[in-house]
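One file, data.cif, is given below (mmCIF, C-alpha atoms).
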data_data
#
loop_
_atom_site.label_atom_id
_atom_site.label_comp_id
_atom_site.auth_asym_id
_atom_site.auth_seq_id
_atom_site.Cartn_x
_atom_site.Cartn_y
_atom_site.Cartn_z
CA ILE X 206 20.84 -108.79 -51.32
CA LEU X 207 21.21 -111.12 -48.36
CA ASN X 208 19.05 -114.21 -48.87
CA VAL X 209 17.06 -115.16 -45.80
CA GLU X 210 14.69 -118.07 -46.28
CA GLN X 211 12.11 -119.71 -44.05
CA SER X 212 10.43 -123.08 -44.26
CA PRO X 213 7.78 -124.19 -44.31
CA GLN X 214 5.65 -121.27 -45.52
CA SER X 215 2.79 -122.47 -43.36
CA LEU X 216 1.92 -125.27 -41.00
CA HIS X 217 -1.07 -126.48 -39.06
CA VAL X 218 -0.51 -127.80 -35.55
CA GLN X 219 -2.90 -129.55 -33.23
CA GLU X 220 -3.31 -127.88 -29.86
CA GLY X 221 -0.89 -129.41 -27.39
CA ASP X 222 1.55 -130.63 -30.03
CA SER X 223 5.05 -129.24 -30.36
CA THR X 224 6.45 -127.94 -33.61
CA ASN X 225 9.50 -126.30 -35.10
CA PHE X 226 10.49 -124.49 -38.26
CA THR X 227 13.60 -123.15 -39.91
CA CYS X 228 15.30 -119.94 -40.92
CA SER X 229 18.36 -120.14 -43.16
CA PHE X 230 20.76 -117.31 -43.89
CA PRO X 231 24.21 -116.88 -45.45
CA SER X 232 26.81 -117.89 -42.87
CA SER X 233 29.52 -115.50 -44.11
CA ASN X 234 29.80 -112.13 -42.33
CA PHE X 235 27.19 -113.15 -39.79
CA TYR X 236 26.28 -110.52 -37.21
CA ALA X 237 22.89 -111.33 -35.70
CA LEU X 238 19.63 -113.18 -36.30
CA HIS X 239 16.28 -111.71 -35.26
CA TRP X 240 12.98 -113.56 -34.67
CA TYR X 241 9.63 -111.76 -34.64
CA ARG X 242 6.06 -112.92 -34.05
CA TRP X 243 3.28 -111.25 -36.01
CA GLU X 244 -0.26 -111.94 -34.86
CA THR X 245 -3.21 -110.97 -37.03
CA ALA X 246 -4.33 -107.34 -36.52
CA LYS X 247 -1.32 -106.62 -34.30
CA SER X 248 2.19 -105.30 -34.88
CA PRO X 249 5.20 -107.62 -35.25
CA GLU X 250 6.79 -108.24 -31.87
CA ALA X 251 10.46 -109.02 -31.30
CA LEU X 252 11.01 -112.47 -29.77
CA PHE X 253 14.77 -112.91 -29.84
CA VAL X 254 17.96 -111.38 -31.16
CA MET X 255 20.69 -114.02 -31.35
CA THR X 256 24.35 -113.37 -31.97
CA LEU X 257 26.44 -116.32 -30.76
CA ASN X 258 26.91 -119.66 -32.46
CA GLY X 259 25.24 -122.38 -30.40
CA ASP X 260 23.11 -119.83 -28.57
CA GLU X 261 19.70 -120.90 -27.33
CA LYS X 262 17.06 -118.45 -26.16
CA LYS X 263 13.72 -119.12 -24.51
CA LYS X 264 10.56 -117.13 -23.89
CA GLY X 265 7.81 -119.15 -22.25
CA ARG X 266 7.04 -122.12 -24.49
CA ILE X 267 8.99 -120.68 -27.43
CA SER X 268 12.71 -121.25 -27.88
CA ALA X 269 15.25 -120.75 -30.63
CA THR X 270 18.66 -122.13 -31.50
CA LEU X 271 21.36 -120.72 -33.73
CA ASN X 272 24.03 -122.32 -35.91
CA THR X 273 26.08 -119.56 -37.52
CA LYS X 274 28.59 -121.92 -39.15
CA GLU X 275 25.97 -123.67 -41.27
CA GLY X 276 23.62 -120.69 -41.45
CA TYR X 277 20.37 -121.78 -39.83
CA SER X 278 18.17 -121.15 -36.83
CA TYR X 279 15.28 -123.23 -35.51
CA LEU X 280 12.30 -121.87 -33.65
CA TYR X 281 10.44 -124.34 -31.41
CA ILE X 282 6.98 -124.09 -29.91
CA LYS X 283 6.33 -126.55 -27.11
CA GLY X 284 2.75 -127.60 -26.38
CA SER X 285 1.20 -125.26 -28.96
CA GLN X 286 -1.79 -123.19 -27.91
CA PRO X 287 -4.28 -121.28 -30.10
CA GLU X 288 -2.67 -118.00 -29.03
CA ASP X 289 0.56 -119.16 -30.70
CA SER X 290 -1.15 -118.81 -34.06
CA ALA X 291 0.83 -116.13 -35.89
CA THR X 292 3.35 -115.53 -38.63
CA TYR X 293 6.90 -115.97 -37.40
CA LEU X 294 9.53 -113.89 -39.17
CA CYS X 295 13.29 -114.15 -39.06
CA ALA X 296 15.65 -111.42 -40.23
CA SER X 297 19.35 -110.79 -40.53
CA PRO X 298 21.09 -107.42 -40.64
CA THR X 299 23.06 -106.17 -43.59
CA ALA X 300 24.55 -102.69 -43.42
CA GLY X 301 23.94 -100.78 -40.22
CA ASN X 302 20.62 -101.76 -38.70
CA LYS X 303 18.99 -102.59 -42.02
CA LEU X 304 17.27 -105.99 -41.76
CA THR X 305 16.53 -108.48 -44.53
CA PHE X 306 13.48 -110.57 -43.66
CA GLY X 307 12.54 -114.07 -44.65
CA GLY X 308 9.10 -114.77 -46.09
CA GLY X 309 7.74 -115.97 -42.76
CA THR X 310 6.19 -119.18 -41.46
CA ARG X 311 2.46 -118.94 -40.80
CA VAL X 312 1.46 -121.16 -37.88
CA LEU X 313 -2.16 -122.10 -37.25
CA VAL X 314 -2.88 -123.97 -34.03
CA LYS X 315 -6.14 -125.92 -34.20
CA PRO X 316 -8.09 -126.53 -31.00
CA ASP P 2 7.24 -99.68 -23.68
CA VAL P 3 8.08 -98.35 -27.10
CA LYS P 4 5.09 -97.02 -28.96
CA VAL P 5 5.16 -96.70 -32.73
CA THR P 6 1.98 -95.14 -34.06
CA GLN P 7 0.88 -95.13 -37.67
CA SER P 8 -1.71 -92.56 -38.62
CA SER P 9 -4.23 -94.89 -40.30
CA ARG P 10 -5.06 -98.61 -40.10
CA TYR P 11 -6.93 -98.58 -43.42
CA LEU P 12 -6.68 -96.16 -46.31
CA VAL P 13 -8.27 -96.11 -49.75
CA LYS P 14 -6.90 -93.79 -52.42
CA ARG P 15 -7.19 -93.35 -56.16
CA THR P 16 -4.59 -93.89 -58.85
CA GLY P 17 -2.49 -90.76 -59.37
CA GLU P 18 -3.15 -89.29 -55.92
CA LYS P 19 -0.28 -88.18 -53.68
CA VAL P 20 -0.49 -90.26 -50.51
CA PHE P 21 1.11 -89.56 -47.15
CA LEU P 22 1.62 -92.27 -44.50
CA GLU P 23 2.72 -90.95 -41.14
CA CYS P 24 4.64 -92.69 -38.36
CA VAL P 25 5.51 -91.41 -34.90
CA GLN P 26 7.62 -93.10 -32.22
CA ASP P 27 7.92 -92.04 -28.60
CA MET P 28 11.24 -93.57 -27.54
CA ASP P 29 13.70 -91.09 -29.03
CA HIS P 30 14.98 -93.75 -31.46
CA GLU P 31 17.47 -92.64 -34.08
CA ASN P 32 16.57 -95.31 -36.64
CA MET P 33 13.24 -95.43 -38.44
CA PHE P 34 12.12 -97.70 -41.28
CA TRP P 35 9.31 -98.16 -43.78
CA TYR P 36 8.44 -101.64 -45.07
CA ARG P 37 5.74 -103.10 -47.22
CA GLN P 38 4.41 -106.61 -46.78
CA ASP P 39 2.89 -108.60 -49.62
CA PRO P 40 1.74 -112.24 -49.47
CA GLY P 41 4.63 -114.67 -49.85
CA LEU P 42 7.24 -111.90 -50.01
CA GLY P 43 7.84 -111.10 -46.35
CA LEU P 44 8.74 -107.57 -45.31
CA ARG P 45 10.62 -105.52 -47.88
CA LEU P 46 12.43 -102.34 -46.93
CA ILE P 47 11.40 -99.21 -48.81
CA TYR P 48 13.38 -96.46 -47.07
CA PHE P 49 15.11 -95.91 -43.76
CA SER P 50 16.57 -93.05 -41.78
CA TYR P 51 19.33 -92.87 -39.19
CA ASP P 52 18.77 -89.28 -38.17
CA VAL P 53 16.75 -86.17 -38.77
CA LYS P 54 16.79 -85.07 -42.41
CA MET P 55 18.75 -88.18 -43.31
CA LYS P 56 17.34 -90.92 -45.56
CA GLU P 57 18.62 -93.95 -47.40
CA LYS P 58 17.00 -96.13 -50.02
CA GLY P 59 16.04 -99.64 -49.11
CA ASP P 60 15.43 -102.52 -51.50
CA ILE P 61 12.31 -101.16 -53.26
CA PRO P 62 12.34 -97.33 -53.20
CA GLU P 63 10.88 -96.75 -56.66
CA GLY P 64 7.68 -94.70 -56.55
CA TYR P 65 8.22 -93.62 -52.94
CA SER P 66 9.91 -90.81 -51.06
CA VAL P 67 10.28 -90.05 -47.36
CA SER P 68 10.60 -87.13 -45.02
CA ARG P 69 12.14 -86.91 -41.56
CA GLU P 70 11.94 -83.33 -40.29
CA LYS P 71 11.70 -84.31 -36.62
CA LYS P 72 13.34 -87.21 -34.81
CA GLU P 73 10.06 -88.80 -33.76
CA ARG P 74 8.29 -88.62 -37.12
CA PHE P 75 9.00 -90.46 -40.38
CA SER P 76 6.66 -89.97 -43.33
CA LEU P 77 6.31 -92.16 -46.41
CA ILE P 78 5.07 -90.45 -49.56
CA LEU P 79 3.62 -92.10 -52.63
CA GLU P 80 4.21 -89.39 -55.23
CA SER P 81 1.61 -90.68 -57.68
CA ALA P 82 -0.17 -93.74 -56.33
CA SER P 83 -0.50 -96.77 -58.57
CA THR P 84 -2.45 -99.98 -58.14
CA ASN P 85 0.76 -102.00 -57.61
CA GLN P 86 1.33 -100.01 -54.44
CA THR P 87 -1.70 -101.62 -52.82
CA SER P 88 -0.14 -103.31 -49.82
CA MET P 89 0.33 -103.42 -46.05
CA TYR P 90 2.81 -100.74 -44.94
CA LEU P 91 4.69 -101.07 -41.67
CA CYS P 92 6.78 -98.49 -39.86
CA ALA P 93 9.47 -99.48 -37.36
CA SER P 94 12.04 -97.82 -35.14
CA SER P 95 15.13 -98.91 -33.24
CA SER P 96 17.92 -97.61 -31.10
CA PRO P 97 21.34 -97.55 -32.70
CA GLN P 98 23.07 -98.85 -29.55
CA GLY P 99 24.88 -102.02 -30.62
CA LYS P 100 23.32 -101.35 -34.02
CA ARG P 101 22.54 -104.71 -35.59
CA ASN P 102 21.61 -106.56 -32.43
CA GLN P 103 18.87 -104.14 -31.43
CA PRO P 104 15.31 -105.31 -32.19
CA GLN P 105 13.00 -103.17 -34.27
CA HIS P 106 9.69 -101.97 -32.83
CA PHE P 107 6.79 -101.91 -35.24
CA GLY P 108 3.57 -99.99 -35.67
CA ASP P 109 0.26 -101.74 -36.32
CA GLY P 110 0.49 -101.21 -40.06
CA THR P 111 -1.56 -99.35 -42.65
CA ARG P 112 -3.47 -101.39 -45.19
CA LEU P 113 -3.48 -99.19 -48.28
CA SER P 114 -5.70 -99.85 -51.26
CA ILE P 115 -5.19 -97.94 -54.50
CA LEU P 116 -8.22 -98.03 -56.79
#
Can you turn what I pasted into structure tokens?
Amino acid sequence: ILNVEQSPQSLHVQEGDSTNFTCSFPSSNFYALHWYRWETAKSPEALFVMTLNGDEKKKGRISATLNTKEGYSYLYIKGSQPEDSATYLCASPTAGNKLTFGGGTRVLVKP
Amino acid sequence: DVKVTQSSRYLVKRTGEKVFLECVQDMDHENMFWYRQDPGLGLRLIYFSYDVKMKEKGDIPEGYSVSREKKERFSLILESASTNQTSMYLCASSSPQGKRNQPQHFGDGTRLSIL
């Protein structure tokens, strides 16, 4: 089973501060890296699908980078707001479109 | 927008009951998935399907079965519910185009409690 790991498991951020957290994955046979945001009482929502080494994607105040050679991706939140509070999941495909998910990073933004 | 609808948000059943969780998607997606989410364990794949009447086991299929009689509907069946199947269940769908770089679209989840 592909091992996808996320750290930290949880973090508290003061409103207005920026933060980042990590997803690590095996670098061999890399195909893609997915990021999802899962807010309480809602469904997980796709943020990014990244495929190229060195790629950087951005959506509003959230951005992500990808290093396929060393097997990690960072997700950044700039100027955190309470609505950024969510669990952020990364996932990497194995066979076909079957995804293996990390355990998630739970972010709580305090006003 | 893709809509993935799960039949119940909350469900309470008794040990030994046969339980059906239903999922419907409206975007003509070939791929459909069932996951369960438990604290600290992330999403774990139970079963998936690439086409009608087709199914493949995921990482934790024991105690579950699935049915895909129509393209838009994917059902998860707990043959004889047990307390260790108390969990949040999520359904997802995706297009096969480009396969592994297509995002999955999720339903709102069903929180199932087995008493």
Find the residues of chain P in contact range of chain X, meaning any atom within 8 Å when counting only C-alpha atoms, and list them as a ChimeraX atom specification.
/P:32,41-46,49,97,100-110
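Atom CA of Gly265 of chain X is positioned 20.4 Å from atom CA of His217 of chain X.
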Dig up all the protein and nucleic acid residues within 12 Å of (-5.3, -93.6, -39.0) in the file frame, using only C-alpha atoms, and format them as an NGL selection string.
:P and (6-13 or 21-25 or 108-113)
Selected residues, C-alpha atoms, written as a PDB file, in the frame of the given file, please.
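The resulting file, out_22.pdb, is reproduced below:
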ATOM      1  CA  THR P   6       1.980 -95.140 -34.060  1.00  0.00           C
ATOM      2  CA  GLN P   7       0.880 -95.130 -37.670  1.00  0.00           C
ATOM      3  CA  SER P   8      -1.710 -92.560 -38.620  1.00  0.00           C
ATOM      4  CA  SER P   9      -4.230 -94.890 -40.300  1.00  0.00           C
ATOM      5  CA  ARG P  10      -5.060 -98.610 -40.100  1.00  0.00           C
ATOM      6  CA  TYR P  11      -6.930 -98.580 -43.420  1.00  0.00           C
ATOM      7  CA  LEU P  12      -6.680 -96.160 -46.310  1.00  0.00           C
ATOM      8  CA  VAL P  13      -8.270 -96.110 -49.750  1.00  0.00           C
ATOM      9  CA  PHE P  21       1.110 -89.560 -47.150  1.00  0.00           C
ATOM     10  CA  LEU P  22       1.620 -92.270 -44.500  1.00  0.00           C
ATOM     11  CA  GLU P  23       2.720 -90.950 -41.140  1.00  0.00           C
ATOM     12  CA  CYS P  24       4.640 -92.690 -38.360  1.00  0.00           C
ATOM     13  CA  VAL P  25       5.510 -91.410 -34.900  1.00  0.00           C
ATOM     14  CA  GLY P 108       3.570 -99.990 -35.670  1.00  0.00           C
ATOM     15  CA  ASP P 109       0.260-101.740 -36.320  1.00  0.00           C
ATOM     16  CA  GLY P 110       0.490-101.210 -40.060  1.00  0.00           C
ATOM     17  CA  THR P 111      -1.560 -99.350 -42.650  1.00  0.00           C
ATOM     18  CA  ARG P 112      -3.470-101.390 -45.190  1.00  0.00           C
ATOM     19  CA  LEU P 113      -3.480 -99.190 -48.280  1.00  0.00           C
TER      20      LEU P 113
END
Hey, which of X:Thr224, X:Ser215, X:Glu244, X:Tyr293 ends up closest to Arg266 of chain X? Count only C-alpha atoms.
X:Thr224
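A straight line drawn from atom CA of Gln219 of chain X to atom CA of Ser285 of chain X is 7.3 Å long.
Considering the residues P:Thr16, P:Gln38, P:Ser66, P:Ser94 and counting only C-alpha atoms, Glu80 of chain P has its shortest atom-to-atom contact with P:Ser66.
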Using atom CA of Phe34 of chain P and atom CA of Thr84 of chain P as the two end points, give the distance in Å to one decimal.
22.4 Å
Quick one: apply the PyMOL selection byres ((chain X and resi 229-231) around 7) to the file and drop the selected residues here as JSON, numbers by chain.
{"X": [208, 209, 210, 211, 227, 228, 232, 233, 276, 277, 278]}
Dump C-alpha atoms for the selected residues as a PDB file, keeping the file's coordinate frame?
ATOM      1  CA  ASN X 208      19.050-114.210 -48.870  1.00  0.00           C
ATOM      2  CA  VAL X 209      17.060-115.160 -45.800  1.00  0.00           C
ATOM      3  CA  GLU X 210      14.690-118.070 -46.280  1.00  0.00           C
ATOM      4  CA  GLN X 211      12.110-119.710 -44.050  1.00  0.00           C
ATOM      5  CA  THR X 227      13.600-123.150 -39.910  1.00  0.00           C
ATOM      6  CA  CYS X 228      15.300-119.940 -40.920  1.00  0.00           C
ATOM      7  CA  SER X 232      26.810-117.890 -42.870  1.00  0.00           C
ATOM      8  CA  SER X 233      29.520-115.500 -44.110  1.00  0.00           C
ATOM      9  CA  GLY X 276      23.620-120.690 -41.450  1.00  0.00           C
ATOM     10  CA  TYR X 277      20.370-121.780 -39.830  1.00  0.00           C
ATOM     11  CA  SER X 278      18.170-121.150 -36.830  1.00  0.00           C
TER      12      SER X 278
END
